[in-house]
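Let me begin by presenting the structure, written as structure tokens, before commenting on it.
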Amino acid sequence: MINATVTELSGALAAKKVSSEELTRAFLERVSKLNGAINAFITVDEDYSLARARAADTALARGDAGPLTGIPLAHKDILCTRALRTTCGSRMLAGYTSPYDAHVVEQLDRGGAVVLGKCNMDEFAMGSSNESSFFGPARNPWDRTRVPGGSSGGSAAAVAARMAAAATGTDTGGSIRQPAAMTGVCGLKPTYGAVSRFGLVAFASSLDQAGPMAKCAADLALLMNAMAGFDARDSTSVERPREDYSRSLNLDLQGLRLGIPREYFGEGVEPGVLKAVEEALRWFVSQGAKTVPIELPNARLGVPVYYVIAPAEASSNLSRFDGVRYGHRAKEYADLVEMYARTRAEGFGAEVKQRILVGTYVLSHGYYDAYYLQAQKVRRLIARDFAAAFEACDVILGPTSPTTAFELGANTDDPVKMYLNDIFTIPAPLAGLPALSVPCGFDAAGLPVGLQLTGRHFAEGVLLGAAHRYQQATDWHRRVPRETPL
């Protein structure tokens, strides 16, 4: 059963073929067996999970259950939870337990989901490989010498290794889609404002967006039905009618206009990635979709723009971690200023410190106009490029990442190379657009390749429908990592 999709598990639970407690125990046993090698989870509380499962079984027995009732899933450790500690993968919050739940956590709890634990991540979501975590790197279930991607690498690895039926992640510059691509699972970054950010520990507030990760697009739709919706506690939450994303799954591909940006199919894309993505494109064309050549001329500037704006916002957001109210505090200091300095020096890792320094620099007097303001202007140009492209097409198709999963430590000494791994995922959050990644094949080394679909604002239904139709004809999402046999 642990290899079943959320949709299949929901049907089995409703038909009384399995209980939530049985299902939860099976996943917990797999976590116990595999987590020592994969390090996907930071925190697991079996007693809490089993209590939630028994409550779900009670709801199922009395006929008071929804599609997610009794489904075991995991949360990225950046979403606040009252029942489990929230570390953000950092020493700064290693012992912190939130007094409230994030909106996403509340919504999934209300839907009856069973929480298995909190997943490993790059510290404060700053990274593309899950190597900056204070708790050690998560490992790719397809090859444990390689990264699972980041920053939601633990969530992606947990789903890929069948340690959870689904998981939540957050996407600031590609942190749901890139790890999904590298581990052979599906991940959706919703439109900015579609899912509340309340209770999501902030990295870059104008970019951060929570979203679902699962085995297939149909599961993403079920999770989005619970997660999406207006929340008055989040000033960026968009008030709009609720949507049933599952109703869009049987999308008619006849005449669907697929935008093919030349910038996404050029130099720097590994041959194995290009081959798999082009084969997926040919399948869509065989189903009646039409290709439309488009240009995103400013997309190449997405990486430098992101690495000005995101660190600038991070330097402001992370100023709250000072050892006064909560989190780590240095044991020895002479005065308040030294306490601040020692606490932050001890509590933050190298990647976080680097981004805080960059962000503080670009916001400082004399540099704000030259860097931060210019980056915001280019961000607007990137958004305009997308708007112009969507006049000619319905969905933009391309690779999620230019490479498959790289070896642990391969890029740690070359931050530019590491940052360029997000070159295709960064533009969508800069424009606030929805985008998803689905498995579309493997390279010569047997590593998963991700196909990225990007849509207009609030066009998640179209993306999920296109991905679902593709998955009805392929089985890439059904493949199980060779190093984690069932």
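Residues in the structure tokens are numbered from 1 in each chain, the chains being A, B, ... in the order shown, and ligands are numbered from 1 in the order shown.
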
Subject >> All residues 6 Å or closer to region 131-136 of chain A, only C-alpha atoms, same chain fewer than 3 positions away omitted, as a PyMOL selection string >> reply: chain A and resi 89-91+121-123

Store the residues picked out above, limited to C-alpha atoms, as a PDB file, in the first residue's frame.
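File produced: part18.pdb:
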```
ATOM      1  CA  GLY A  89      16.966  23.039   9.522  1.00  0.00           C
ATOM      2  CA  SER A  90      18.909  25.429  11.761  1.00  0.00           C
ATOM      3  CA  ARG A  91      20.730  25.320  15.074  1.00  0.00           C
ATOM      4  CA  MET A 121      15.547  21.135   4.522  1.00  0.00           C
ATOM      5  CA  ASP A 122      18.249  23.628   3.664  1.00  0.00           C
ATOM      6  CA  GLU A 123      18.684  25.984   6.600  1.00  0.00           C
TER       7      GLU A 123
END
```

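Look at His468 (chain A): the protein and nucleic acid residues within 8 Å of it, using only C-alpha atoms and passing over chain neighbours fewer than 5 places away, are Cys216, Ala217, Ala218, Leu249 and Asn250 of chain A.
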
Could those residues be written to a file, using N, CA and C atoms, as a short mmCIF file (atom, residue, chain, number, x, y, z; two decimals), in the first residue's frame?
```
data_model
loop_
_atom_site.label_atom_id
_atom_site.label_comp_id
_atom_site.auth_asym_id
_atom_site.auth_seq_id
_atom_site.Cartn_x
_atom_site.Cartn_y
_atom_site.Cartn_z
N CYS A 216 1.83 11.96 -7.92
CA CYS A 216 1.18 12.25 -9.21
C CYS A 216 0.39 13.55 -9.13
N ALA A 217 0.00 14.04 -10.31
CA ALA A 217 -0.73 15.30 -10.40
C ALA A 217 -2.10 15.22 -9.74
N ALA A 218 -2.76 14.06 -9.84
CA ALA A 218 -4.08 13.92 -9.21
C ALA A 218 -3.98 14.10 -7.71
N LEU A 249 -8.77 17.76 -14.10
CA LEU A 249 -7.78 16.75 -14.45
C LEU A 249 -7.96 16.18 -15.85
N ASN A 250 -9.18 16.08 -16.34
CA ASN A 250 -9.41 15.51 -17.67
C ASN A 250 -9.37 16.60 -18.74
#
```

Proximity of region 329-359 of chain A to region 187-204 of chain A: per-residue shortest pair, 12 Å limit, only C-alpha atoms, as a tab-separated table:
```
residue	atom	partner	partner_atom	distance
A:Val352	CA	A:Phe203	CA	10.1
A:Arg355	CA	A:Phe203	CA	10.5
A:Ile356	CA	A:Phe203	CA	10.5
A:Gly359	CA	A:Ala204	CA	10.7
```

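Separating CA of Asn130 (chain A) from CA of Pro148 (chain A) is a distance of 7.0 Å.
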
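Checking A:Val395, A:Leu357, A:Val114, A:Cys440 one by one against Arg282 (chain A), counting only C-alpha atoms, you find the shortest gap at A:Cys440.
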
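The smallest atom-to-atom distance between Gly154 (chain A) and any of A:Gly174, A:Gly323, A:Gly349, A:Gly117, using only C-alpha atoms, is found for A:Gly117.
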
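Between Val6 (chain A) and the residues A:Ala466, A:Glu106, A:Leu223, A:Ala83, the shortest atom-to-atom distance, using only C-alpha atoms, involves A:Leu223.
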
Subject >> Residues within 12 Å of Ala435 (chain A), only C-alpha atoms, excluding chain neighbours under 3 positions, as a PyMOL selection string >> reply: chain A and resi 171-178+186-192+209+211-212+395-400+424-432+438+451-464+466-467

Write out as a PDB file with N, CA and C atoms, in the first residue's frame the residues lying within 9 Å of Pro485 (chain A), counting only C-alpha atoms and excluding same-chain residues fewer than 4 positions away.
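around.pdb was written with the following content:
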```
ATOM      1  N   ALA A 161      11.026   7.933  -1.567  1.00  0.00           N
ATOM      2  CA  ALA A 161      11.385   6.678  -0.896  1.00  0.00           C
ATOM      3  C   ALA A 161      10.179   5.983  -0.284  1.00  0.00           C
ATOM      4  N   VAL A 480       9.996   3.219  -8.642  1.00  0.00           N
ATOM      5  CA  VAL A 480      10.469   3.252  -7.254  1.00  0.00           C
ATOM      6  C   VAL A 480      11.988   3.268  -7.255  1.00  0.00           C
ATOM      7  N   PRO A 481      12.622   4.132  -6.448  1.00  0.00           N
ATOM      8  CA  PRO A 481      14.090   4.182  -6.415  1.00  0.00           C
ATOM      9  C   PRO A 481      14.705   2.799  -6.154  1.00  0.00           C
TER      10      PRO A 481
END
```

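Distances here use only C-alpha atoms; by that measure, the residue among A:Leu23, A:Asp413, A:Ala312, A:Ala350 closest to Leu373 (chain A) is A:Ala312.
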
Subject >> DSSP strand (DSSP E) residues within region 305-452 of chain A, listed as number ranges by chain >> reply: A: 395-399, 435-442, 448-452

Original post:
DSSP on the backbone: what in region 166-205 of chain A comes out helix (DSSP H, G or I), as an MDAnalysis selection string?
Top reply: chainID A and resid 177:183

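Close contacts of Asn35 (chain A), defined as residues with an atom at most 12 Å away when counting only C-alpha atoms, with chain neighbours fewer than 4 positions off set aside, comprise Phe27, Leu28, Glu29, Arg30, Val31, Asn39, Ala40, Phe41, Ile42, Thr43, Val44, Gly117, Cys119, Asn120, Pro137, Ala138, Arg139, Asn140, Pro141, Arg144, Gly154, Ala157, Ala158, Ala161, Arg162, Met163, Ala164 and Thr484 of chain A.
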
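For the atom pair formed by CA of Thr81 (chain A) and CA of His103 (chain A), the distance is 9.8 Å, given to one decimal.
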
Subject >> Near-Ala445 (chain A) list (10 Å; only C-alpha atoms; drop same-chain fewer than 2 positions) as a list in words >> reply: Asp143, Gly272, Thr404, Phe442, Asp443, Leu447 and Pro448 of chain A

Go ahead and write the residues just picked, N, CA and C atoms, as an mmCIF file, in the first residue's frame.
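The new file out24.cif reads:
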```cif
data_model
loop_
_atom_site.group_PDB
_atom_site.id
_atom_site.type_symbol
_atom_site.label_atom_id
_atom_site.label_comp_id
_atom_site.auth_asym_id
_atom_site.auth_seq_id
_atom_site.Cartn_x
_atom_site.Cartn_y
_atom_site.Cartn_z
ATOM 1 N N ASP A 143 20.079 7.558 -5.574
ATOM 2 C CA ASP A 143 21.526 7.372 -5.440
ATOM 3 C C ASP A 143 21.951 8.166 -4.210
ATOM 4 N N GLY A 272 20.873 14.228 -21.423
ATOM 5 C CA GLY A 272 19.842 13.320 -20.924
ATOM 6 C C GLY A 272 18.580 14.039 -20.529
ATOM 7 N N THR A 404 20.466 16.623 -13.823
ATOM 8 C CA THR A 404 19.892 15.703 -12.855
ATOM 9 C C THR A 404 20.660 15.875 -11.539
ATOM 10 N N PHE A 442 14.438 9.381 -17.427
ATOM 11 C CA PHE A 442 15.689 9.210 -16.697
ATOM 12 C C PHE A 442 16.859 9.466 -17.638
ATOM 13 N N ASP A 443 17.983 9.881 -17.062
ATOM 14 C CA ASP A 443 19.175 10.058 -17.885
ATOM 15 C C ASP A 443 19.943 8.742 -17.980
ATOM 16 N N LEU A 447 19.036 8.511 -13.370
ATOM 17 C CA LEU A 447 18.545 9.555 -12.461
ATOM 18 C C LEU A 447 17.335 10.257 -13.072
ATOM 19 N N PRO A 448 16.333 10.617 -12.242
ATOM 20 C CA PRO A 448 15.096 11.199 -12.761
ATOM 21 C C PRO A 448 15.295 12.560 -13.416
#
```

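You can rank A:Ala102, A:Gly327, A:Leu9, A:Cys393 by their closest distance to Arg233 (chain A) using only C-alpha atoms, and at the top of that list sits A:Ala102.
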
**OP:** Could you please determine the separation between CA of Ala392 (chain A) and CA of Tyr245 (chain A) in Å, to one decimal place?
**Re:** 24.2 Å

Subject >> Nearest to Gly149 (chain A) by atom-to-atom distance, counting only C-alpha atoms, from A:Ser129, A:Ser246, A:Asn317, A:Thr474 >> reply: A:Ser129

Write out, as CSV, each residue of region 105-161 of chain A that has an atom at most 10 Å from region 45-55 of chain A, together with the closest pair of atoms and their distance in Å to one decimal, counting only C-alpha atoms, rows going by chain and rising number.
```
residue,atom,partner,partner_atom,distance
A:Asp109,CA,A:Arg52,CA,9.1
A:Gly112,CA,A:Arg52,CA,8.2
A:Ala113,CA,A:Arg52,CA,8.0
A:Val114,CA,A:Arg52,CA,5.6
A:Val115,CA,A:Ser49,CA,5.7
A:Leu116,CA,A:Ser49,CA,5.6
A:Gly117,CA,A:Asp45,CA,6.5
A:Lys118,CA,A:Asp45,CA,9.4
```
